Structures are given as structure tokens and as C-alpha cells.
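Asker: Structure in C-alpha cells, see below.
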Amino acid sequence: MDKNLVKETIARRVALEMNDGDLVNLGIGLPTLVANFIPKDINITLQSENGFVGLGPAPLKGEEDKDLVNAGSQPVTILPGGAFFDSLTSFAIIRGGHLDATVLGALQVDEKGNLANWMIPGKMVPGMGGAMDLVTGAKRVIVAMVHTAKGAHKILKECNLPLTAAGKVDLIITEMGVMKVTNKGLLLTELNPEFTVEDIKKATDAELIISYDLKEMRTS
Amino acid sequence: MDKNLVKETIARRVALEMNDGDLVNLGIGLPTLVANFIPKDINITLQSENGFVGLGPAPLKGEEDKDLVNAGSQPVTILPGGAFFDSLTSFAIIRGGHLDATVLGALQVDEKGNLANWMIPGKMVPGMGGAMDLVTGAKRVIVAMVHTAKGAHKILKECNLPLTAAGKVDLIITEMGVMKVTNKGLLLTELNPEFTVEDIKKATDAELIISYDLKEMRTS
Amino acid sequence: MNKVIDIEKFSNKIKDGMTIMIGGFLGNGTPETLIDAIVEKGVKNLTIIANDTAFVDKGIGKLIVNKQVKKVITSHIGTNKETGRQLNAGELEVVLVPQGTLAEQVRAGGAGLGGILTPTGLGTIVEENKQKIVVDGKEYLLETPIRADVALIAGSKVDKSGNAYHTKSTRNFNPLMATAADLVVVEAEKVVEIGEIDPDVVMTLGIFVDFVVRGETNG
Amino acid sequence: MNKVIDIEKFSNKIKDGMTIMIGGFLGNGTPETLIDAIVEKGVKNLTIIANDTAFVDKGIGKLIVNKQVKKVITSHIGTNKETGRQLNAGELEVVLVPQGTLAEQVRAGGAGLGGILTPTGLGTIVEENKQKIVVDGKEYLLETPIRADVALIAGSKVDKSGNAYHTKSTRNFNPLMATAADLVVVEAEKVVEIGEIDPDVVMTLGIFVDFVVRGETNG
């Protein structure tokens, strides 16, 4: 699959997980794209952990405001009904269970719902930023990522990178399919028709339980 | 002494403890009077624990604002440079050591600096309100009160009412004199010339150490 | 999303035995219209969490006088003689909490904290049955989170999505309580359109608020 | 009280080895003029407490690039490659803290709390060497207060007594940090007279602020 199509496929599918009225935090990168595909009849409010709710689309060129950026330092806008606040309030929202969902990328995720997305020891140590709080506090944690890292497994029996949080992931959405974290392991509920069950099993280190009711992966 | 003169004597003497630039919380009742006697060359800022700094004098009759009251529910004003906030911030100021002084009344105070001012078991239980936080957090705790309760001792060897805080009082100011809480006990540093050392000793259950440098109690 | 409902719809949501947080400080910044509706409905055995019990004829005091409250968690009852009378008569349970601790407990309940460590109350009866923890050589009391079924708050200006502005000294516990209950209702002195409150100065976030009710005097 | 000082007077207060909190989020709401003065002065062995280390040419990043920092306590260093390089080369100590925990720790430092209990970091390396406390059957990490010698914050509009208004997304850590340091300096994009900021909307209280410095671009 084309790289942009991969991203769009994932973002489109994540968008279908949103419910009307949800308050959601979308991580930097791929998760940000989800905002573009929210169904027309669904209204969600986006939170930006640097300090506001009501995150709107990027401003038109020339209309950027240096004092209004998202958590990735990109110029953005705020929608009517939005509000700004300090970092303390921002993480009271996040940790306090007020977010209906958070969507993040991952370096690794495993069948127990463990997530690793903040460091590769000795190599890359960006830091956890707000990710540990987001994953700990949000009502639903959705991992949105490309299924493998150039062929290397990212969905594992057990993460071997330092964890972001233990047992907090609810759902994994990749370009290959949709996997639910259950207490029996990862349940494949939807498969992208571009791939076979064998393909996705091969691309996954964790055991995949194939749903009796396996469906075609939706994108709208 | 006349009741009003007693109060004014105490309030005037407390006012002399204020330093330029101090942030101060004055309790309801007698301590509130202190604001009237601050020396002209001293600027202090008053905090009101219900949620603001910059507490000003009572408004003129007819100019009361129902949304602007002090912690005793009386109409007040706010001075230029003042600011309103919520109860969380109010007690972050109080507990966090940002108050230079707090002035409170007492039912009992003792030679170890213990204070009791929030309940008489089985009789009167108003509650501690903000007093426990004020006494715990302020840099200086000044007890301002009439020396006895109609002759009954209030300055004791040891409080027998439930404490507001243990060992936090720095200074006791009454109409009879000024007593400093030291680790050797209560040091009488100033005596109102209306009274003799014998008078104040008789009116005090705690042992009074008389300062070698005992001065006349100042009121301006 | 328009969250404005009428007082009857609000009244239907309040049931016997509920735990209810109520904003305000001696009645300043208290949702009087919502309280009046609860008085009128007459639900019983409420647990009330509030800074104080106000006065016999104002704010939370009215619920006490009407004997609808079985327990109150508060910092001060001295301005309402009926609270003291019911306490002494064994008709009402009163849990007294230092005001700053109450604010922290409500915030902890709303912010997902397991508690906070405070020096307030050390060496007093407030420390009874509480865990003491030493940090950096200093002793603190562990105070645990408080949440409620319902939080009732008052806003001076409230947009239809629940964003509230609390003017002057009316803010007090209102923004905190809005974070710490399953159902949050704000009484608006004045209701405005979404977008009318500058996003910089929203004090209680609409995302915490379920319903907005117009106050009786204005709105 | 007029707290406005010039940049030289500010610069004189900053010494080798100080612990300095700096407001801002990836450079947004960061006091650039104050940072530039520290870069120019060249003091060494600083400990910096900040949300992130921004970029090599912006905000806190400039102090890192100039090798003035021996230790940084922060939630994110990914946008500044030099921080990572110095970390890997053993030239810089980096303590990574979850962002929400960092906010709580700074607040605890300013609010007189001995710490807070958070679930964030449980089951990760963040829990190493930390006390775990069970409340109501749930496990939490005890996170302790953070304070600094100096806090440097940025305000969009600041009155001469230090009351500050932070517009839009520039607020972030600024109001918290102002509570948690022995010396607090606010850089003002615009200085206004005392009384010009509505007391309802002051975001950082002047009572916490020692000095105000005009930013270079405005004020």
C-alpha cells in the first residue's frame, strides 16, 4: 500500500470509533489526521495538552497566531466554545478521566495492552511528554500506527522497550486491521481486504485470536 | 478598660507588626480592625480566603456589590492591583508559605504556641474554616485577643480544647501586653502601662518570662 | 451542544440519598435556584459537600433547615445555628474538614489523584485515623479524594455549552466541584451564546458540565 | 509597588549552579529575553526545570546548546537534538518526568503540599525508587514537590505589580512556576499600569512575582 493511503486508511478507521459529544486527545503525527475524517453527524471536541479544548483546523496561510499553537508547536485555531487553561488543568482533564478517548502512535504494543512509545534505550530518548498521563487517564486508549516498522514486528507478545503504561491499551488500529485487547489476548475484529489472515498473522508477533465475526475493515 | 478601647489597643499594636510589602490575612472580628491602624508609610496587601487579594475597605452605603464579599460574608471592595481566584489557589497561597502573617483570635493559646480556636466540645462547634491552613502555612502567626474571657484564663500552660494547630503561634497580643512564644516559654516583651506585671501574671495561667528589656506597650 | 434545561428537568434528576457537592462560600456564588428546587422536591437523606452550611434562610442552609440532609462534609457550620442544633441533637452527621484540605480533596477527586499530602491538621483531631507520611524529613497527612453523584455550581455568565465565568468573589469552590461529580449542573445568572465568553477567561470548563439551568432572577 | 527592572539588573541575579524553572511549551509562552540574557552572561552548571527543551535556536534550547546546563528535569527533549546528544555523550543529566506529574510537582512545591499520589507511571521505569501507596484499593505513586531558586515566566500583558495575563496557549506552566521559586521574574510582552488588568482575569498573581522585565520586542 502507498504510504499516504496507509495513513489515511488508519485515520479513517479510527475516526469511526468516535462518538457524538466525545472529548478526545489526538497525538502528534498520524493521530492528528483523524480529525479530517470524523463523520459529519458526529461532533467531537479536541483537547490539546499544552492547554486548551476546542482545537480547530490549521489557520489559513498568513493568519497564523504565534500565541496559538498545538502540542506539536504548529499554528492552529480554536473553535467557538473552546477554552484555554494552564498545564495543571490540562492534566487534571487528562488524568481525571474526562477524556473519552486518546489516540496515540506506538513503537510497540503487546497482547496485554502494554504500550511503549517514548524511548529506545541508548538510541532515541524523546521523553514521555504527556503520553503516560494520557494513556493512564483516558477512558479509551486507541493505538493508531503502521502495522510493522519496515517489516519488523511492533505488535508483540510482550513489549521489550520501556513501557509508557501497563495494560492500558483498548484498541489497536493499523492499515491491516482492527485488534481489540481482551483478557484472552488480541482479538482481530476487522481485516483490511487488501490482506489475508495469514498476512496479518505473519506481520504480528502476538497471537491473534480471529473473531468468529471477523468483518471487513471499514473506512467510512 | 472600655471594651472598644481594649479592641483598639490590640488592633493598634498588631498593626505595628506589619512590614512594608507584607501579604496578610486578617481573621474575622477583632483582627479585621487591624487594617484601620496600619502606619501611613507601610503598604500591606490583604488576602481574603474566600478568593482574592487586595481587600479594600467596606463600600459606601448603597454601593455594595452582592458578588464582592469577604470571608465573613460582609460587602467589601478590591483595590487596584488586586485579583480574584478560586478556593484552590486561595489555599495554595495560604498553605504554600506565601502569607507573611496571619492574625487570628483564640479561645485558648498556650506557652508551646498551641492554638485552640475552633470548637468547644458539646457546646460550640463552628468548625475550623480556613484557620488550620492559615496557622499552618503563614510565615508568622499572631494571636490578637482580649487577655481573658471575663476573667477566665485563655493563655494557658497547656490548651485543653481541641487544637487548631500545634506549636505554630509566634506572638500573642492582648490589651495587657505583647508575648512572644519562645522555646523557653512565653516572653513578655511589652506591658500596657495601665497594668502591672502582677496584673498580667494573675490574668495568665502560663508562666510569663519577663523580658530584661520590658517595654511599654506601643500603640502607634 | 445546547445544554440548557428547565428547572423541572433538573429536579427530576435529584433523588433520595444522593451525595451532592454545592459551590459557594456563605451563600456567595451558590446556586440558589437549584437549591430551592431541591427544597421544593423534598428529597431526603442527602449527603452535602460544601464549604459551609451558610445561613438558615440562604444557600445550603435551607436544605439543613428542611431536614433533607443526613450528613454534611464541610469546613464551617458556625453561621447556621440549625446545623449545630441538629448535630448536637444527633439528627445530622457533620464531618469538619479544614477548608484548604477540602479544596484539595475535591480537586484530587476531579484530577485523578489518589490523594495529597498536607501539613494542615497535624497535631489536631483532624489527624485521627489518617495515614501520616514523611517526605524530606517532614510529616504530612494523607488526605484522599472526594467525589459526588452531583455537583451544583453557580456561574455569573454561562454559555449554552456550560463554559462559565464567575465574577469577583463568587468563584470559590465552583470550578473545582465541576470536575468531581458524575452529573454537573450549573445555574446561570445569565445565559449567553456559545463563543460569547472569551476562551482565555473561561473559569469552569463546559467539558465538565452536563446541564445549564437559568437562575430565577436573571438569564 | 513598581516591580519593573531592566535586563541588567535581572542578569545580575542569575548565578552559576542555580536551579531555574522556565515557563513555556516548546517555546510558546517562554521568556526569550530573559533566556537571552542568561546566554549572554554565560553562567554555568544550571539545573533547568521545564516542560521541554524546545528547539536548538529557541527558548530553553539556547541554554542547552550554549552548554550552560548540567541537569534538566523535563517531560520531553525530542525536539532538541542537542539535548539528546549531550545526554548520550554523558555531558548532561536528564530526568524525564511525565508532563502531568511535573505540573503537579511544581504546584505541590508552591502550594505547601508534601506531594501527590498519581497513577501515572505505574508499571513503568518512572516508578523506580518511588514510594507506592494504596488508597481505596488502588495503587498510586507518591510524587514529591519541586521548587527552584528562580522561576522565569512569560506574560502577554503584565501590570507593574506583576499581575500577569497569558493569552491563548501561552499560559501552560507559567502560573504554576510563579508559585514555586524563591525569586520570580516575569517577562512582559506588554507592561501596563496597576489596575489595567481586570482582577477577575489575572492568571499569575502579582503577589508571587518579585520583578517584571520588559520583553525586547514590545512593552
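Note on naming: chains are A, B, ... as they come in the C-alpha cells, residues start from 1 per chain, ligands start from 1 in the order shown.
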With a cut-off of 12 Å, could you pull out the residues of region 13-72 of chain B touching region 164-174 of chain B and give me the nearest pair of atoms for each, distance in Å to one decimal, using only C-alpha atoms, ordered by chain and ascending number, as a Markdown table?

Answerer:
| residue | atom | partner | partner_atom | distance |
| --- | --- | --- | --- | --- |
| B:Arg13 | CA | B:Ile173 | CA | 7.4 |
| B:Val14 | CA | B:Ile173 | CA | 6.9 |
| B:Ala15 | CA | B:Ile173 | CA | 10.7 |
| B:Leu16 | CA | B:Ile173 | CA | 11.1 |
| B:Glu17 | CA | B:Leu171 | CA | 9.8 |
| B:Leu30 | CA | B:Thr174 | CA | 10.9 |
| B:Pro31 | CA | B:Ile173 | CA | 10.7 |
| B:Val34 | CA | B:Ile173 | CA | 11.9 |

Asker: Report as number ranges by chain all protein, DNA and RNA residues lying within 6 Å of Ile153 (chain D), evaluated on only C-alpha atoms, omitting residues in the same chain fewer than 4 positions from it.

Answerer: D: 22-23, 31, 174, 186

Asker: Would you mind exporting N, CA, C and O atoms of the selected residues as an mmCIF file, in the first residue's frame?

Answerer:
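To be explicit, this is the file written out as part00.cif:
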data_model
loop_
_atom_site.group_PDB
_atom_site.id
_atom_site.type_symbol
_atom_site.label_atom_id
_atom_site.label_comp_id
_atom_site.auth_asym_id
_atom_site.auth_seq_id
_atom_site.Cartn_x
_atom_site.Cartn_y
_atom_site.Cartn_z
ATOM 1 N N ILE D 22 11.598 27.356 34.089
ATOM 2 C CA ILE D 22 11.297 28.248 32.968
ATOM 3 C C ILE D 22 9.975 27.847 32.335
ATOM 4 O O ILE D 22 9.779 26.688 31.943
ATOM 5 N N GLY D 23 9.052 28.801 32.238
ATOM 6 C CA GLY D 23 7.743 28.535 31.648
ATOM 7 C C GLY D 23 7.820 28.373 30.140
ATOM 8 O O GLY D 23 8.813 28.732 29.503
ATOM 9 N N PRO D 31 9.964 33.003 28.255
ATOM 10 C CA PRO D 31 10.583 34.328 28.367
ATOM 11 C C PRO D 31 11.918 34.400 27.622
ATOM 12 O O PRO D 31 12.987 34.238 28.210
ATOM 13 N N ASN D 174 3.349 28.578 33.178
ATOM 14 C CA ASN D 174 3.725 29.873 33.761
ATOM 15 C C ASN D 174 3.091 30.168 35.129
ATOM 16 O O ASN D 174 3.803 30.479 36.085
ATOM 17 N N VAL D 186 9.001 37.866 35.829
ATOM 18 C CA VAL D 186 8.117 37.699 34.674
ATOM 19 C C VAL D 186 8.536 38.653 33.564
ATOM 20 O O VAL D 186 8.775 39.840 33.795
#

Asker: As a PyMOL selection string, list the residues of region 125-202 of chain B assigned to strand (DSSP E or B) by DSSP on the backbone atoms of this structure.

Answerer: chain B and resi 141-144+148-149+152-153+155-156+165+171-173+177-182+185-191

Asker: Which residue, A:Val197, A:Ala92, A:Ala152, A:Leu26, has the smallest gap to chain C when you use only C-alpha atoms?

Answerer: A:Ala92

Asker: For Leu161 (chain A), please output as an MDAnalysis selection string all residues within 9 Å (counting only C-alpha atoms; exclusion window: fewer than 4 positions along the same chain).

Answerer: chainID A and resid 107:108 115:121

Asker: Show me, as a list of chain:residue names, the residues that have an atom within 9 Å of Gly17 (chain D) when counting only C-alpha atoms, minus same-chain residues fewer than 6 positions from it.

Answerer: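 In the requested form, the answer reads D:Val43, D:Lys44, D:Asn45, D:Leu46, D:Thr47, D:Val69, D:Lys70.
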
Asker: Per DSSP on the backbone, what are the alpha helix (DSSP H) residues of region 44-127 of chain D, as a ChimeraX atom specification?

Answerer: /D:61-65,81-88,99-111

Asker: Determine the nearest neighbour of chain D from the options A:Ile44, A:Val6, A:Met145, A:Ile93, counting only C-alpha atoms.

Answerer: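 With only C-alpha atoms as the atom set, the closest residue is A:Ile93.
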
Asker: Can you tell me, as a list in words, what residues are no more than 7 Å from Arg171 (chain D) when counting only C-alpha atoms, ignoring any on the same chain fewer than 6 positions away?

Answerer: Phe85 and Asp86 of chain A; Gly29 of chain D

Asker: Generate the output file for the selected residues, N, CA, C and O atoms, as a short mmCIF file (atom, residue, chain, number, x, y, z; two decimals), in the first residue's frame.

Answerer:
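Heads up, here's the output in part-v5.cif:
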data_model
loop_
_atom_site.label_atom_id
_atom_site.label_comp_id
_atom_site.auth_asym_id
_atom_site.auth_seq_id
_atom_site.Cartn_x
_atom_site.Cartn_y
_atom_site.Cartn_z
N PHE A 85 -6.43 27.04 29.16
CA PHE A 85 -6.13 26.85 30.58
C PHE A 85 -4.66 26.52 30.75
O PHE A 85 -3.93 26.40 29.77
N ASP A 86 -4.23 26.37 32.02
CA ASP A 86 -2.83 26.08 32.29
C ASP A 86 -2.56 24.57 32.27
O ASP A 86 -3.49 23.77 32.11
N GLY D 29 5.12 30.82 24.94
CA GLY D 29 4.97 31.32 26.31
C GLY D 29 6.25 31.20 27.11
O GLY D 29 6.22 30.99 28.32
#

Asker: With only C-alpha atoms considered, list every residue of chain C at most 9 Å from chain B, as a ChimeraX atom specification.

Answerer: /C:25-29,51-52,74-80,84,88,96-101,103-104,107,118-125,167-176

Asker: Return the single residue from D:Ala181, D:Val134, D:Ile7, D:Ala148 that is closest to chain C, with distances computed using only C-alpha atoms.

Answerer: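 Comparing D:Ala181, D:Val134, D:Ile7, D:Ala148 against chain C, the winner is D:Val134.
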
Asker: Counting only C-alpha atoms, which of C:Arg214, C:His166, C:Lys3, C:Lys58 gets nearest to Val202 (chain C)?

Answerer: C:His166

Asker: Write out as CSV a residue-level contact list of chain C versus chain D with cut-off 8 Å: for each qualifying residue the closest pair of atoms and the distance in Å to one decimal, counting only C-alpha atoms, rows sorted by chain and residue number upward.

Answerer:
residue,atom,partner,partner_atom,distance
C:Gly112,CA,D:Thr118,CA,7.2
C:Leu113,CA,D:Thr118,CA,5.0
C:Gly114,CA,D:Leu117,CA,4.9
C:Gly115,CA,D:Leu117,CA,5.3
C:Ile116,CA,D:Ile116,CA,4.4
C:Leu117,CA,D:Gly114,CA,4.9
C:Thr118,CA,D:Leu113,CA,5.0
C:Pro119,CA,D:Leu113,CA,7.2
C:Val135,CA,D:Gly114,CA,6.2
C:Lys138,CA,D:Gly114,CA,8.0
C:Tyr140,CA,D:Gly114,CA,6.4
C:Thr144,CA,D:Val135,CA,7.4
C:Thr167,CA,D:Asp200,CA,6.4
C:Lys168,CA,D:Asp200,CA,5.9
C:Pro199,CA,D:Lys168,CA,7.7
C:Asp200,CA,D:Lys168,CA,5.9
C:Val201,CA,D:Val201,CA,6.2

Asker: Restricted to all heavy atoms, what would the selected residues look like written as a CSV table (one decimal), in the first residue's frame?

Answerer:
chain,number,residue,atom,x,y,z
C,112,GLY,N,-8.0,12.9,39.2
C,112,GLY,CA,-7.5,11.5,39.1
C,112,GLY,C,-6.3,11.3,40.0
C,112,GLY,O,-5.5,10.4,39.8
C,113,LEU,N,-6.2,12.1,41.1
C,113,LEU,CA,-5.1,11.8,42.1
C,113,LEU,C,-5.7,10.9,43.1
C,113,LEU,O,-6.8,10.9,43.5
C,113,LEU,CB,-4.7,13.1,42.7
C,113,LEU,CG,-4.1,14.2,41.7
C,113,LEU,CD1,-3.8,15.5,42.5
C,113,LEU,CD2,-2.9,13.7,41.0
C,114,GLY,N,-4.8,10.1,43.7
C,114,GLY,CA,-5.2,9.2,44.8
C,114,GLY,C,-5.2,9.9,46.2
C,114,GLY,O,-5.6,9.4,47.2
C,115,GLY,N,-4.7,11.2,46.2
C,115,GLY,CA,-4.7,12.0,47.4
C,115,GLY,C,-3.6,13.0,47.3
C,115,GLY,O,-2.8,13.1,46.4
C,116,ILE,N,-3.5,13.8,48.4
C,116,ILE,CA,-2.4,14.8,48.5
C,116,ILE,C,-1.9,14.7,50.0
C,116,ILE,O,-2.6,14.3,50.9
C,116,ILE,CB,-2.9,16.2,48.2
C,116,ILE,CG1,-4.1,16.6,49.1
C,116,ILE,CG2,-3.3,16.3,46.7
C,116,ILE,CD1,-3.8,17.4,50.3
C,117,LEU,N,-0.7,15.2,50.2
C,117,LEU,CA,-0.1,15.3,51.5
C,117,LEU,C,-0.1,16.7,52.0
C,117,LEU,O,0.5,17.6,51.3
C,117,LEU,CB,1.3,14.8,51.4
C,117,LEU,CG,1.5,13.4,50.8
C,117,LEU,CD1,3.0,13.0,51.0
C,117,LEU,CD2,0.6,12.3,51.5
C,118,THR,N,-0.7,16.9,53.1
C,118,THR,CA,-0.8,18.3,53.6
C,118,THR,C,-0.3,18.3,55.1
C,118,THR,O,-0.6,17.4,55.8
C,118,THR,CB,-2.2,18.9,53.6
C,118,THR,OG1,-2.2,20.2,54.1
C,118,THR,CG2,-3.2,18.1,54.3
C,119,PRO,N,0.3,19.4,55.5
C,119,PRO,CA,0.7,19.6,56.9
C,119,PRO,C,-0.5,20.0,57.8
C,119,PRO,O,-0.4,19.9,59.0
C,119,PRO,CB,1.8,20.6,56.9
C,119,PRO,CG,1.5,21.5,55.6
C,119,PRO,CD,0.9,20.5,54.6
C,135,VAL,N,8.0,13.1,54.2
C,135,VAL,CA,8.7,13.4,52.9
C,135,VAL,C,9.7,14.4,53.3
C,135,VAL,O,9.5,15.4,53.9
C,135,VAL,CB,7.7,14.0,51.9
C,135,VAL,CG1,8.4,14.5,50.6
C,135,VAL,CG2,6.6,13.0,51.5
C,138,LYS,N,9.8,15.8,56.7
C,138,LYS,CA,8.7,16.5,57.3
C,138,LYS,C,7.4,15.6,57.3
C,138,LYS,O,7.3,14.8,56.3
C,138,LYS,CB,8.3,17.7,56.5
C,138,LYS,CG,9.2,18.9,56.9
C,138,LYS,CD,8.7,20.2,56.2
C,138,LYS,CE,9.8,21.2,55.9
C,138,LYS,NZ,9.4,22.0,54.7
C,140,TYR,N,3.4,14.7,57.0
C,140,TYR,CA,2.2,15.2,56.4
C,140,TYR,C,1.1,14.2,56.6
C,140,TYR,O,1.3,13.0,56.8
C,140,TYR,CB,2.4,15.3,54.9
C,140,TYR,CG,3.5,16.3,54.5
C,140,TYR,CD1,4.8,15.9,54.3
C,140,TYR,CD2,3.2,17.7,54.3
C,140,TYR,CE1,5.8,16.8,54.0
C,140,TYR,CE2,4.1,18.6,53.9
C,140,TYR,CZ,5.5,18.2,53.8
C,140,TYR,OH,6.4,19.1,53.4
C,144,THR,N,-7.5,12.0,51.2
C,144,THR,CA,-7.9,11.2,50.0
C,144,THR,C,-9.0,12.0,49.2
C,144,THR,O,-9.6,12.9,49.7
C,144,THR,CB,-8.4,9.8,50.4
C,144,THR,OG1,-9.4,10.0,51.4
C,144,THR,CG2,-7.2,9.0,51.0
C,167,THR,N,-17.8,35.8,38.5
C,167,THR,CA,-17.3,37.2,38.8
C,167,THR,C,-16.9,37.3,40.2
C,167,THR,O,-17.5,36.7,41.1
C,167,THR,CB,-18.4,38.2,38.4
C,167,THR,OG1,-17.7,39.5,38.3
C,167,THR,CG2,-19.5,38.3,39.3
C,168,LYS,N,-15.9,38.1,40.4
C,168,LYS,CA,-15.4,38.6,41.8
C,168,LYS,C,-15.3,37.4,42.8
C,168,LYS,O,-14.7,36.4,42.4
C,168,LYS,CB,-16.3,39.7,42.3
C,168,LYS,CG,-16.3,40.9,41.3
C,168,LYS,CD,-17.0,42.1,41.8
C,168,LYS,CE,-17.0,43.2,40.8
C,168,LYS,NZ,-18.1,43.2,39.9
C,199,PRO,N,-12.4,32.7,25.2
C,199,PRO,CA,-11.8,31.4,25.6
C,199,PRO,C,-10.7,31.6,26.6
C,199,PRO,O,-10.4,30.6,27.4
C,199,PRO,CB,-11.3,30.8,24.3
C,199,PRO,CG,-11.4,31.8,23.3
C,199,PRO,CD,-12.4,32.9,23.7
C,200,ASP,N,-10.0,32.7,26.7
C,200,ASP,CA,-9.0,33.0,27.7
C,200,ASP,C,-9.5,33.0,29.1
C,200,ASP,O,-8.8,32.8,30.1
C,200,ASP,CB,-8.3,34.3,27.5
C,200,ASP,CG,-7.1,34.2,26.5
C,200,ASP,OD1,-6.7,33.1,26.1
C,200,ASP,OD2,-6.6,35.3,26.1
C,201,VAL,N,-10.8,33.4,29.3
C,201,VAL,CA,-11.3,33.7,30.7
C,201,VAL,C,-12.4,32.8,31.1
C,201,VAL,O,-13.1,33.1,32.1
C,201,VAL,CB,-11.7,35.2,30.8
C,201,VAL,CG1,-10.5,36.1,30.4
C,201,VAL,CG2,-12.9,35.5,30.0

Asker: Contacts of Glu32 (chain D) at 12 Å or less, counting only C-alpha atoms, minus same-chain residues fewer than 6 places along, as a PyMOL selection string?

Answerer: chain D and resi 7+22-24+26+38-39+54+57-63+152-155+186-189+213-217

Asker: Write out as a PDB file with N, CA, C and O atoms, in the first residue's frame the residues lying within 9 Å of Thr189 (chain A), counting only C-alpha atoms and excluding same-chain residues fewer than 5 positions away.

Answerer:
ATOM      1  N   GLY A 177      -5.720  -4.004   9.949  1.00  0.00           N
ATOM      2  CA  GLY A 177      -6.948  -4.392  10.617  1.00  0.00           C
ATOM      3  C   GLY A 177      -7.155  -3.727  11.956  1.00  0.00           C
ATOM      4  O   GLY A 177      -6.422  -2.807  12.338  1.00  0.00           O
ATOM      5  N   VAL A 178      -8.170  -4.235  12.665  1.00  0.00           N
ATOM      6  CA  VAL A 178      -8.560  -3.694  13.964  1.00  0.00           C
ATOM      7  C   VAL A 178      -8.458  -4.806  15.002  1.00  0.00           C
ATOM      8  O   VAL A 178      -9.040  -5.887  14.820  1.00  0.00           O
ATOM      9  N   MET A 179      -7.689  -4.557  16.064  1.00  0.00           N
ATOM     10  CA  MET A 179      -7.474  -5.556  17.109  1.00  0.00           C
ATOM     11  C   MET A 179      -7.878  -5.011  18.457  1.00  0.00           C
ATOM     12  O   MET A 179      -7.451  -3.937  18.854  1.00  0.00           O
ATOM     13  N   LYS A 180      -8.698  -5.794  19.138  1.00  0.00           N
ATOM     14  CA  LYS A 180      -9.189  -5.398  20.452  1.00  0.00           C
ATOM     15  C   LYS A 180      -8.362  -6.119  21.505  1.00  0.00           C
ATOM     16  O   LYS A 180      -8.114  -7.320  21.391  1.00  0.00           O
ATOM     17  N   ILE A 209      -6.233 -13.719  18.022  1.00  0.00           N
ATOM     18  CA  ILE A 209      -7.460 -14.510  18.074  1.00  0.00           C
ATOM     19  C   ILE A 209      -8.350 -13.950  16.974  1.00  0.00           C
ATOM     20  O   ILE A 209      -8.601 -12.745  16.914  1.00  0.00           O
ATOM     21  N   ILE A 210      -8.779 -14.813  16.055  1.00  0.00           N
ATOM     22  CA  ILE A 210      -9.592 -14.321  14.945  1.00  0.00           C
ATOM     23  C   ILE A 210     -11.060 -14.370  15.363  1.00  0.00           C
ATOM     24  O   ILE A 210     -11.564 -15.424  15.749  1.00  0.00           O
ATOM     25  N   SER A 211     -11.723 -13.227  15.305  1.00  0.00           N
ATOM     26  CA  SER A 211     -13.120 -13.172  15.735  1.00  0.00           C
ATOM     27  C   SER A 211     -13.983 -14.092  14.868  1.00  0.00           C
ATOM     28  O   SER A 211     -13.786 -14.193  13.652  1.00  0.00           O
ATOM     29  N   TYR A 212     -14.926 -14.774  15.516  1.00  0.00           N
ATOM     30  CA  TYR A 212     -15.898 -15.589  14.757  1.00  0.00           C
ATOM     31  C   TYR A 212     -16.656 -14.702  13.807  1.00  0.00           C
ATOM     32  O   TYR A 212     -17.164 -15.139  12.795  1.00  0.00           O
ATOM     33  N   ASP A 213     -16.700 -13.455  14.162  1.00  0.00           N
ATOM     34  CA  ASP A 213     -17.498 -12.482  13.425  1.00  0.00           C
ATOM     35  C   ASP A 213     -16.573 -11.495  12.697  1.00  0.00           C
ATOM     36  O   ASP A 213     -16.847 -10.315  12.628  1.00  0.00           O
ATOM     37  N   LEU A 214     -15.457 -12.023  12.174  1.00  0.00           N
ATOM     38  CA  LEU A 214     -14.462 -11.140  11.530  1.00  0.00           C
ATOM     39  C   LEU A 214     -15.099 -10.374  10.369  1.00  0.00           C
ATOM     40  O   LEU A 214     -15.733 -10.960   9.503  1.00  0.00           O
ATOM     41  N   LYS A 215     -14.916  -9.056  10.394  1.00  0.00           N
ATOM     42  CA  LYS A 215     -15.540  -8.211   9.366  1.00  0.00           C
ATOM     43  C   LYS A 215     -14.471  -7.558   8.502  1.00  0.00           C
ATOM     44  O   LYS A 215     -13.292  -7.528   8.852  1.00  0.00           O
ATOM     45  N   GLU A 216     -14.934  -7.039   7.405  1.00  0.00           N
ATOM     46  CA  GLU A 216     -14.066  -6.254   6.540  1.00  0.00           C
ATOM     47  C   GLU A 216     -13.797  -4.927   7.235  1.00  0.00           C
ATOM     48  O   GLU A 216     -14.699  -4.336   7.821  1.00  0.00           O
ATOM     49  N   MET A 217     -12.554  -4.486   7.190  1.00  0.00           N
ATOM     50  CA  MET A 217     -12.199  -3.234   7.856  1.00  0.00           C
ATOM     51  C   MET A 217     -12.915  -2.066   7.198  1.00  0.00           C
ATOM     52  O   MET A 217     -12.810  -1.865   5.977  1.00  0.00           O
TER      53      MET A 217
END

Asker: Would you compute the distance between CA of Val109 (chain B) and CA of Thr182 (chain B)? Give it in Å to one decimal.

Answerer: 13.4 Å
